[in-house]
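Visitor: Data: work.tsv, TSV, C-alpha atoms.
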chain	number	residue	atom	x	y	z
A	1	MET	CA	9.62	-16.67	32.47
A	2	THR	CA	11.91	-13.68	32.57
A	3	PHE	CA	12.28	-11.17	29.74
A	4	GLU	CA	15.59	-12.73	28.73
A	5	ASP	CA	14.01	-16.22	28.73
A	6	LEU	CA	11.26	-15.02	26.40
A	7	ARG	CA	13.74	-13.21	24.18
A	8	ARG	CA	15.89	-16.35	23.81
A	9	LEU	CA	12.81	-18.49	23.09
A	10	LEU	CA	11.58	-16.11	20.38
A	11	ALA	CA	15.12	-15.91	18.93
A	12	SER	CA	15.16	-19.71	18.63
A	13	THR	CA	12.21	-19.44	16.21
A	14	GLY	CA	14.03	-16.89	14.06
A	15	TYR	CA	12.72	-13.55	15.37
A	16	ASP	CA	14.71	-11.03	17.36
A	17	TRP	CA	12.82	-9.10	20.04
A	18	ASP	CA	14.98	-6.13	20.96
A	19	PRO	CA	13.23	-2.82	21.64
A	20	SER	CA	16.58	-1.03	21.86
A	21	ALA	CA	17.58	-1.92	18.30
A	22	GLY	CA	18.71	0.89	16.02
A	23	GLU	CA	17.29	2.29	12.80
A	24	SER	CA	16.89	0.42	9.54
A	25	SER	CA	19.80	0.53	7.13
A	26	GLU	CA	17.63	-0.65	4.22
A	27	ARG	CA	16.66	1.73	1.40
A	28	PHE	CA	14.75	1.90	-1.86
A	29	SER	CA	16.78	1.29	-5.01
A	30	ASP	CA	17.60	5.00	-5.37
A	31	GLY	CA	18.74	5.28	-1.76
A	32	ALA	CA	15.54	6.90	-0.46
A	33	ARG	CA	14.15	5.92	2.93
A	34	TYR	CA	10.54	6.78	2.20
A	35	ARG	CA	8.11	7.50	-0.60
A	36	ILE	CA	4.66	9.08	-0.64
A	37	GLU	CA	1.55	7.05	-1.50
A	38	ILE	CA	-1.87	8.59	-2.09
A	39	PRO	CA	-4.54	5.90	-1.53
A	40	SER	CA	-8.17	5.89	-2.73
A	41	THR	CA	-7.25	7.41	-6.09
A	42	GLU	CA	-10.36	6.04	-7.75
A	43	GLY	CA	-10.03	6.80	-11.43
A	44	PRO	CA	-8.45	9.05	-14.06
A	45	ALA	CA	-10.17	12.22	-12.84
A	46	VAL	CA	-8.91	11.70	-9.30
A	47	LEU	CA	-5.43	10.78	-10.53
A	48	ARG	CA	-5.22	13.92	-12.68
A	49	ALA	CA	-6.26	15.99	-9.65
A	50	VAL	CA	-3.66	14.29	-7.46
A	51	VAL	CA	-0.91	14.96	-10.01
A	52	GLU	CA	-1.96	18.61	-10.36
A	53	GLU	CA	-2.16	19.15	-6.61
A	54	ALA	CA	1.17	17.42	-6.02
A	55	HIS	CA	2.83	19.70	-8.58
A	56	GLN	CA	1.32	22.82	-7.04
A	57	ARG	CA	2.39	21.83	-3.53
A	58	SER	CA	5.78	20.31	-4.49
A	59	VAL	CA	4.80	16.98	-2.95
A	60	PRO	CA	6.71	14.04	-4.50
A	61	VAL	CA	4.05	11.38	-5.11
A	62	GLN	CA	5.60	8.08	-6.21
A	63	ARG	CA	2.59	5.77	-5.88
A	64	ILE	CA	-1.20	5.94	-5.95
A	65	SER	CA	-3.52	3.11	-5.02
A	66	GLN	CA	-7.16	2.49	-5.85
A	67	GLY	CA	-9.73	0.74	-3.67
A	68	SER	CA	-12.87	0.19	-5.73
A	69	GLY	CA	-11.27	-2.54	-7.83
A	70	VAL	CA	-10.40	-3.34	-11.40
A	71	MET	CA	-13.98	-4.42	-12.11
A	72	MET	CA	-15.24	-0.88	-11.39
A	73	LEU	CA	-13.09	0.68	-14.16
A	74	THR	CA	-13.61	0.59	-17.92
A	75	ASP	CA	-10.76	-0.43	-20.21
A	76	ALA	CA	-10.40	3.20	-21.28
A	77	GLU	CA	-10.17	4.36	-17.66
A	78	ILE	CA	-7.51	1.78	-16.78
A	79	ALA	CA	-5.51	2.65	-19.90
A	80	GLU	CA	-5.75	6.35	-19.08
A	81	MET	CA	-4.56	5.78	-15.50
A	82	ALA	CA	-1.65	3.74	-16.85
A	83	GLN	CA	-0.78	6.51	-19.29
A	84	ILE	CA	-0.84	9.18	-16.57
A	85	GLY	CA	1.29	6.98	-14.33
A	86	ALA	CA	3.82	6.38	-17.10
A	87	GLU	CA	4.03	10.09	-17.95
A	88	HIS	CA	4.64	11.14	-14.33
A	89	ALA	CA	6.62	8.10	-13.10
A	90	ILE	CA	3.89	7.14	-10.64
A	91	GLU	CA	3.17	3.53	-9.72
A	92	VAL	CA	-0.55	2.83	-10.21
A	93	SER	CA	-1.81	0.01	-7.97
A	94	LEU	CA	-5.32	-1.26	-8.65
A	95	PHE	CA	-7.37	-3.33	-6.20
A	96	LEU	CA	-8.58	-6.78	-7.13
A	97	GLY	CA	-12.14	-7.91	-6.58
A	98	PRO	CA	-14.65	-9.29	-5.94
A	99	ARG	CA	-14.35	-9.30	-2.16
A	100	GLY	CA	-16.22	-10.53	0.87
A	101	ALA	CA	-17.59	-7.15	1.93
A	102	TRP	CA	-19.58	-6.88	-1.30
A	103	ALA	CA	-20.60	-10.54	-1.61
A	104	THR	CA	-23.92	-12.17	-0.81
A	105	GLY	CA	-22.64	-14.07	2.22
A	106	GLY	CA	-23.73	-12.88	5.65
A	107	GLN	CA	-20.42	-12.86	7.54
A	108	ALA	CA	-19.22	-9.63	5.97
A	109	LEU	CA	-22.36	-7.90	7.25
A	110	VAL	CA	-21.48	-8.56	10.89
A	111	THR	CA	-17.66	-8.57	10.98
A	112	SER	CA	-14.96	-6.72	9.08
A	113	SER	CA	-12.69	-9.79	9.25
A	114	HIS	CA	-14.25	-11.11	6.03
A	115	ALA	CA	-14.05	-7.83	4.10
A	116	GLY	CA	-11.21	-8.65	1.73
A	117	SER	CA	-11.65	-12.38	1.25
A	118	ALA	CA	-12.29	-14.13	-2.04
A	119	ARG	CA	-15.14	-16.65	-1.75
A	120	GLY	CA	-14.66	-19.96	-3.50
A	121	ASN	CA	-12.93	-20.89	-6.75
A	122	ALA	CA	-15.16	-18.52	-8.71
A	123	ASP	CA	-13.68	-15.53	-6.87
A	124	LEU	CA	-10.15	-16.86	-7.35
A	125	ALA	CA	-10.85	-17.10	-11.07
A	126	ALA	CA	-12.33	-13.59	-11.09
A	127	CYS	CA	-9.22	-12.17	-9.42
A	128	LEU	CA	-7.02	-13.88	-12.00
A	129	ALA	CA	-9.17	-12.47	-14.79
A	130	GLU	CA	-8.91	-8.97	-13.34
A	131	ALA	CA	-5.15	-9.31	-12.94
A	132	LYS	CA	-4.77	-10.36	-16.58
A	133	ARG	CA	-7.00	-7.53	-17.80
A	134	ALA	CA	-5.19	-4.85	-15.78
A	135	CYS	CA	-1.77	-6.09	-16.91
A	136	GLU	CA	-2.80	-6.19	-20.55
A	137	LEU	CA	-3.78	-2.51	-20.21
A	138	GLY	CA	-0.35	-1.59	-18.81
A	139	ILE	CA	-0.76	-1.85	-15.03
A	140	ARG	CA	2.19	-3.40	-13.17
A	141	SER	CA	0.99	-3.19	-9.55
A	142	LEU	CA	-2.02	-4.96	-8.03
A	143	LEU	CA	-3.52	-4.62	-4.57
A	144	VAL	CA	-4.37	-7.97	-2.96
A	145	ALA	CA	-6.52	-8.55	0.14
A	146	ASP	CA	-6.62	-12.36	0.32
A	147	VAL	CA	-3.80	-14.77	1.19
A	148	GLY	CA	-4.97	-17.40	-1.28
A	149	VAL	CA	-5.28	-14.88	-4.09
A	150	LEU	CA	-1.74	-13.72	-3.35
A	151	ALA	CA	-0.45	-17.29	-3.60
A	152	VAL	CA	-2.37	-17.94	-6.85
A	153	LEU	CA	-1.14	-14.72	-8.48
A	154	ASN	CA	2.41	-15.49	-7.43
A	155	LYS	CA	2.19	-18.90	-9.12
A	156	ALA	CA	0.68	-17.35	-12.25
A	157	ARG	CA	3.50	-14.81	-12.35
A	158	ALA	CA	6.13	-17.51	-11.86
A	159	GLY	CA	4.50	-19.55	-14.65
A	160	GLY	CA	4.63	-16.67	-17.13
A	161	ASP	CA	0.89	-15.99	-17.19
A	162	LEU	CA	1.41	-12.60	-15.54
A	163	PRO	CA	4.30	-10.18	-16.13
A	164	VAL	CA	7.47	-11.04	-14.27
A	165	ASN	CA	7.79	-7.41	-13.10
A	166	LEU	CA	4.26	-7.33	-11.64
A	167	VAL	CA	4.28	-6.04	-8.03
A	168	LEU	CA	1.80	-7.69	-5.67
A	169	LYS	CA	0.89	-5.22	-2.93
A	170	THR	CA	-0.95	-6.52	0.13
A	171	SER	CA	-3.92	-4.53	1.36
A	172	VAL	CA	-4.68	-3.00	4.74
A	173	LEU	CA	-7.62	-5.45	4.68
A	174	LEU	CA	-4.94	-8.12	5.07
A	175	PRO	CA	-3.18	-6.39	7.99
A	176	VAL	CA	0.25	-7.45	9.18
A	177	ALA	CA	0.83	-7.06	12.91
A	178	ASN	CA	3.90	-9.25	13.51
A	179	PRO	CA	7.11	-10.33	11.75
A	180	ALA	CA	5.98	-13.92	11.16
A	181	THR	CA	2.91	-12.82	9.19
A	182	ALA	CA	5.01	-10.36	7.19
A	183	ARG	CA	7.55	-13.05	6.34
A	184	THR	CA	4.78	-15.46	5.32
A	185	LEU	CA	3.31	-12.91	2.90
A	186	GLU	CA	6.76	-12.20	1.47
A	187	GLU	CA	7.25	-15.94	0.89
A	188	LEU	CA	3.88	-16.02	-0.90
A	189	GLY	CA	5.01	-13.30	-3.31
A	190	ALA	CA	4.21	-9.94	-1.70
A	191	GLY	CA	6.45	-7.20	-3.06
A	192	THR	CA	5.21	-4.48	-0.71
A	193	ILE	CA	3.37	-5.05	2.57
A	194	ASN	CA	0.60	-3.03	4.23
A	195	VAL	CA	0.92	-3.19	7.99
A	196	ALA	CA	-1.74	-2.80	10.67
A	197	THR	CA	-2.54	0.85	11.32
A	198	ASP	CA	-1.93	0.83	15.08
A	199	LEU	CA	1.60	-0.58	15.35
A	200	SER	CA	4.20	1.06	17.56
A	201	VAL	CA	7.55	2.18	16.19
A	202	ASP	CA	9.19	-0.79	17.91
A	203	GLN	CA	6.73	-3.19	16.26
A	204	LEU	CA	7.45	-1.65	12.86
A	205	ARG	CA	11.15	-2.10	13.54
A	206	GLU	CA	10.61	-5.78	14.32
A	207	ILE	CA	8.74	-6.34	11.05
A	208	ARG	CA	11.41	-4.51	9.06
A	209	ALA	CA	14.08	-6.78	10.55
A	210	ALA	CA	12.18	-9.85	9.32
A	211	VAL	CA	11.42	-8.92	5.67
A	212	SER	CA	12.92	-7.07	2.72
A	213	PRO	CA	9.89	-5.57	0.86
A	214	PRO	CA	8.86	-1.97	1.54
A	215	LEU	CA	6.29	-1.47	4.30
A	216	ASP	CA	3.16	0.52	3.51
A	217	VAL	CA	2.22	2.55	6.60
A	218	TYR	CA	-0.87	4.71	7.03
A	219	VAL	CA	0.13	7.82	8.99
A	220	GLU	CA	-3.38	9.23	8.74
A	221	VAL	CA	-5.83	6.39	8.89
A	222	PRO	CA	-9.33	6.15	7.39
A	223	ASP	CA	-12.05	5.98	10.03
A	224	ASP	CA	-12.96	2.37	9.22
A	225	GLN	CA	-9.33	1.37	9.91
A	226	GLY	CA	-8.93	3.25	13.18
A	227	GLY	CA	-8.90	6.96	12.36
A	228	PHE	CA	-5.44	7.60	13.82
A	229	VAL	CA	-3.46	10.74	12.91
A	230	ARG	CA	0.22	10.00	13.57
A	231	PHE	CA	2.17	12.80	11.87
A	232	TYR	CA	4.48	13.41	14.83
A	233	GLU	CA	5.57	9.76	14.76
A	234	VAL	CA	6.51	9.69	11.07
A	235	PRO	CA	10.24	10.45	11.49
A	236	GLN	CA	10.62	7.59	13.99
A	237	MET	CA	8.56	5.33	11.75
A	238	VAL	CA	10.74	6.07	8.74
A	239	ARG	CA	13.96	5.52	10.65
A	240	ALA	CA	12.67	2.21	12.02
A	241	ALA	CA	10.89	0.86	8.94
A	242	ALA	CA	12.77	2.17	5.87
A	243	PRO	CA	12.15	1.58	3.04
A	244	MET	CA	8.62	2.73	3.79
A	245	TYR	CA	5.63	4.17	1.93
A	246	VAL	CA	4.05	7.04	3.87
A	247	LYS	CA	0.31	6.69	3.21
A	248	LEU	CA	-2.12	9.54	3.71
A	249	GLY	CA	-5.74	8.80	4.39
A	250	VAL	CA	-8.27	11.42	5.49
A	251	ARG	CA	-10.06	11.04	8.80
A	252	SER	CA	-13.73	12.08	9.06
A	253	SER	CA	-14.35	11.62	5.35
A	254	PRO	CA	-17.26	9.87	3.60
A	255	GLY	CA	-16.97	6.36	2.23
A	256	ILE	CA	-16.58	6.38	-1.56
A	257	TYR	CA	-16.24	2.68	-2.48
A	258	PRO	CA	-17.18	1.72	-5.11
A	259	THR	CA	-16.62	5.04	-6.80
A	260	GLY	CA	-18.41	6.15	-9.94
A	261	MET	CA	-19.68	9.31	-11.59
A	262	HIS	CA	-22.20	9.76	-8.76
A	263	VAL	CA	-19.43	10.51	-6.21
A	264	GLU	CA	-16.60	11.60	-8.51
A	265	ASP	CA	-16.55	15.20	-7.25
A	266	THR	CA	-16.14	13.96	-3.67
A	267	ALA	CA	-13.41	11.51	-4.70
A	268	VAL	CA	-11.54	14.28	-6.52
A	269	ARG	CA	-11.72	16.62	-3.52
A	270	LEU	CA	-10.52	13.85	-1.22
A	271	GLY	CA	-7.63	13.11	-3.57
A	272	ARG	CA	-6.54	16.73	-3.45
A	273	GLU	CA	-6.87	16.78	0.35
A	274	ARG	CA	-4.70	13.67	0.68
A	275	VAL	CA	-1.94	15.51	-1.16
A	276	ARG	CA	-2.43	18.47	1.18
A	277	ARG	CA	-2.14	16.08	4.13
A	278	ALA	CA	1.12	14.82	2.65
A	279	GLU	CA	2.40	18.40	2.47
A	280	LEU	CA	1.56	18.87	6.16
A	281	CYS	CA	3.33	15.64	7.04
A	282	LEU	CA	6.46	16.57	5.08
A	283	ARG	CA	6.53	20.03	6.68
A	284	LEU	CA	6.50	18.43	10.12
A	285	MET	CA	9.22	15.97	9.11
A	286	GLU	CA	11.35	18.89	7.96
A	287	GLU	CA	10.88	20.57	11.32
A	288	LEU	CA	11.40	17.52	13.52
A	289	ASP	CA	14.07	15.60	11.60
A	290	PRO	CA	15.47	17.62	8.68
A	291	ASP	CA	18.08	14.99	7.86
A	292	LEU	CA	15.29	12.70	6.64
A	293	MET	CA	14.42	15.23	3.94
A	294	LYS	CA	17.93	15.00	2.50
A	295	GLN	CA	17.39	11.96	0.33
A	296	PRO	CA	17.80	11.19	-3.37
A	297	MET	CA	14.74	11.41	-5.57
A	298	ASP	CA	15.34	9.35	-8.71
A	299	SER	CA	12.81	10.38	-11.34
A	300	ARG	CA	12.25	6.75	-12.44
A	301	PRO	CA	13.71	4.36	-9.83
A	302	LYS	CA	14.10	0.80	-11.04
A	303	ASP	CA	12.02	-0.74	-8.24
A	304	LEU	CA	8.94	1.41	-8.93
A	305	ALA	CA	6.26	-0.45	-10.86
A	306	ILE	CA	5.61	2.31	-13.38
A	307	PRO	CA	2.91	1.31	-15.90
A	308	GLU	CA	3.98	0.09	-19.32
A	309	VAL	CA	2.09	1.74	-22.15
I'd like the structure from this file rewritten - as structure tokens, please.
Guide:
Amino acid sequence: MTFEDLRRLLASTGYDWDPSAGESSERFSDGARYRIEIPSTEGPAVLRAVVEEAHQRSVPVQRISQGSGVMMLTDAEIAEMAQIGAEHAIEVSLFLGPRGAWATGGQALVTSSHAGSARGNADLAACLAEAKRACELGIRSLLVADVGVLAVLNKARAGGDLPVNLVLKTSVLLPVANPATARTLEELGAGTINVATDLSVDQLREIRAAVSPPLDVYVEVPDDQGGFVRFYEVPQMVRAAAPMYVKLGVRSSPGIYPTGMHVEDTAVRLGRERVRRAELCLRLMEELDPDLMKQPMDSRPKDLAIPEV
């Protein structure tokens, strides 16, 4: 089949394949094309450090995400993170657990494909319990790594058992590599979608054309997700995928999940370094594509899931 034959066939299923397409015209509610997300913010101490570092470096952080899970935080720690998020207009997204990588089954020991999955009805129930607990303590954004859990939480939200303004954020452990998968997750209730870490700008553009939620894009990728450092591509990514969260991991850093007092100093230092990485990324954006830096920065945009305390 020729290129045009394949393009027409794909178009007949609802997906446009056009590498010459232009930039995204979509924006966040305040008109911004991108926001900054600091992942692996593993508790109140790390969040305080991120806020302090962001202020010192003039880095606008709109969202932080946590990877150890709701079950690894006390009620007081969750409430404190919610309070800090509310005070600084930062969305606080907490991971749900349990998950396959920490379970007793053997598959997760030999393949990463099982890392984020919930095993059986007991794990579905546990994820619901964690969602309820986090929401009762003020959190309005949850990080989901299992398709079934996403569907269950969406139904619970629609039924009034979870807040109607709860944002369900899909995890990099549930990677999206094509428009059909992205659209499926959106239909299941995803309000913001993590994409695979190795997608080209054209592939990001294709996904943006298929869905409306923001795309969450690692521009420096943790080692266990590829270890890519893509700062020079960020302007093209933003133009193709807006609205987009620019996510800063740190390559060549130690694993910290699940975090506790035994590794808190490391987690804090990594949080500060992620903000520094964001500063480096923004500096390069300013140099390469200064027009991208000319965007509104609403202090409390309506589509940001700021905690309620």
Visitor: At a cut-off of 10 Å, using only C-alpha atoms, what residues contact Gln295 in chain A? Leave out same-chain residues fewer than 4 positions from it and give the result as an MDAnalysis selection string.
Guide: chainID A and resid 30:34 291
Visitor: Could you tell me which of A:Glu273, A:Glu206, A:Glu77, A:Glu26 comes closest to Ala54 in chain A if we count only C-alpha atoms?
Guide: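 The closest residue to Ala54 in chain A is A:Glu273.
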Visitor: Residues within 8 Å of Pro179 in chain A, please, as a CSV table (one decimal) with C-alpha atoms, keeping the file's coordinate frame. Count all atoms listed in the file; anything in the same chain fewer than 5 positions from it doesn't count.
Guide:
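Contents of selection-v9.csv, as written:
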chain,number,residue,atom,x,y,z
A,15,TYR,CA,12.7,-13.6,15.4
A,206,GLU,CA,10.6,-5.8,14.3
A,207,ILE,CA,8.7,-6.3,11.0
A,208,ARG,CA,11.4,-4.5,9.1
A,209,ALA,CA,14.1,-6.8,10.6
A,210,ALA,CA,12.2,-9.8,9.3
A,211,VAL,CA,11.4,-8.9,5.7
Visitor: Hey, could you pull the box centre and edge lengths for range 256-263 of chain A, axis-aligned, 3 Å padding per side, all listed atoms, to one decimal in Å, as AutoDock Vina command-line options?
Guide:
--center_x -19.2 --center_y 6.1 --center_z -6.6 --size_x 12.0 --size_y 14.8 --size_z 16.0
Visitor: Could you jot down the CA of Ile193 in chain A to CA of Thr170 in chain A separation for me, Å, one decimal place?
Guide: 5.2 Å
Visitor: Could you check the closest approach to Lys247 in chain A for each of A:Arg35, A:His88, A:Arg276, A:His55 and tell me which residue wins, using all atoms listed in the file?
Guide: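 Ranking A:Arg35, A:His88, A:Arg276, A:His55 by distance to Lys247 in chain A, first place goes to A:Arg35.
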Visitor: Pick out the closest residue to Met81 in chain A from this set: A:Val246, A:Leu96, A:Ile38, A:Leu137. Count all atoms listed in the file.
Guide: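 Nearest candidate to Met81 in chain A out of A:Val246, A:Leu96, A:Ile38, A:Leu137: A:Leu137.
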Visitor: Taking (-0.1, 18.3, -4.2) in the file's coordinates as the center, which residues reach within 10 Å of it, counting all atoms listed in the file, put as a PyMOL selection string?
Guide: chain A and resi 49-61+271-279
Visitor: Taking (-7.7, -0.5, -6.4) in the file's coordinates as the center, which residues reach within 12 Å of it, counting only C-alpha atoms, put as a PDB file with C-alpha atoms, in the frame of the given file?
Guide:
ATOM      1  CA  ILE A  38      -1.870   8.590  -2.090  1.00  0.00           C
ATOM      2  CA  PRO A  39      -4.540   5.900  -1.530  1.00  0.00           C
ATOM      3  CA  SER A  40      -8.170   5.890  -2.730  1.00  0.00           C
ATOM      4  CA  THR A  41      -7.250   7.410  -6.090  1.00  0.00           C
ATOM      5  CA  GLU A  42     -10.360   6.040  -7.750  1.00  0.00           C
ATOM      6  CA  GLY A  43     -10.030   6.800 -11.430  1.00  0.00           C
ATOM      7  CA  ILE A  64      -1.200   5.940  -5.950  1.00  0.00           C
ATOM      8  CA  SER A  65      -3.520   3.110  -5.020  1.00  0.00           C
ATOM      9  CA  GLN A  66      -7.160   2.490  -5.850  1.00  0.00           C
ATOM     10  CA  GLY A  67      -9.730   0.740  -3.670  1.00  0.00           C
ATOM     11  CA  SER A  68     -12.870   0.190  -5.730  1.00  0.00           C
ATOM     12  CA  GLY A  69     -11.270  -2.540  -7.830  1.00  0.00           C
ATOM     13  CA  VAL A  70     -10.400  -3.340 -11.400  1.00  0.00           C
ATOM     14  CA  MET A  71     -13.980  -4.420 -12.110  1.00  0.00           C
ATOM     15  CA  MET A  72     -15.240  -0.880 -11.390  1.00  0.00           C
ATOM     16  CA  LEU A  73     -13.090   0.680 -14.160  1.00  0.00           C
ATOM     17  CA  ILE A  78      -7.510   1.780 -16.780  1.00  0.00           C
ATOM     18  CA  MET A  81      -4.560   5.780 -15.500  1.00  0.00           C
ATOM     19  CA  VAL A  92      -0.550   2.830 -10.210  1.00  0.00           C
ATOM     20  CA  SER A  93      -1.810   0.010  -7.970  1.00  0.00           C
ATOM     21  CA  LEU A  94      -5.320  -1.260  -8.650  1.00  0.00           C
ATOM     22  CA  PHE A  95      -7.370  -3.330  -6.200  1.00  0.00           C
ATOM     23  CA  LEU A  96      -8.580  -6.780  -7.130  1.00  0.00           C
ATOM     24  CA  GLY A  97     -12.140  -7.910  -6.580  1.00  0.00           C
ATOM     25  CA  PRO A  98     -14.650  -9.290  -5.940  1.00  0.00           C
ATOM     26  CA  ARG A  99     -14.350  -9.300  -2.160  1.00  0.00           C
ATOM     27  CA  GLU A 130      -8.910  -8.970 -13.340  1.00  0.00           C
ATOM     28  CA  ALA A 131      -5.150  -9.310 -12.940  1.00  0.00           C
ATOM     29  CA  ALA A 134      -5.190  -4.850 -15.780  1.00  0.00           C
ATOM     30  CA  ILE A 139      -0.760  -1.850 -15.030  1.00  0.00           C
ATOM     31  CA  SER A 141       0.990  -3.190  -9.550  1.00  0.00           C
ATOM     32  CA  LEU A 142      -2.020  -4.960  -8.030  1.00  0.00           C
ATOM     33  CA  LEU A 143      -3.520  -4.620  -4.570  1.00  0.00           C
ATOM     34  CA  VAL A 144      -4.370  -7.970  -2.960  1.00  0.00           C
ATOM     35  CA  ALA A 145      -6.520  -8.550   0.140  1.00  0.00           C
ATOM     36  CA  LEU A 168       1.800  -7.690  -5.670  1.00  0.00           C
ATOM     37  CA  LYS A 169       0.890  -5.220  -2.930  1.00  0.00           C
ATOM     38  CA  THR A 170      -0.950  -6.520   0.130  1.00  0.00           C
ATOM     39  CA  SER A 171      -3.920  -4.530   1.360  1.00  0.00           C
ATOM     40  CA  VAL A 172      -4.680  -3.000   4.740  1.00  0.00           C
ATOM     41  CA  TYR A 257     -16.240   2.680  -2.480  1.00  0.00           C
ATOM     42  CA  PRO A 258     -17.180   1.720  -5.110  1.00  0.00           C
ATOM     43  CA  THR A 259     -16.620   5.040  -6.800  1.00  0.00           C
TER      44      THR A 259
END
Visitor: Rounded to one decimal place, report the CA of Glu23 in chain A-CA of Ala89 in chain A distance in Å.
Guide: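 About the pair CA of Glu23 in chain A and CA of Ala89 in chain A: they are 28.6 Å apart.
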Visitor: Mind pulling up the distance from CA of Arg205 in chain A to CA of Arg8 in chain A?
Guide: 18.2 Å
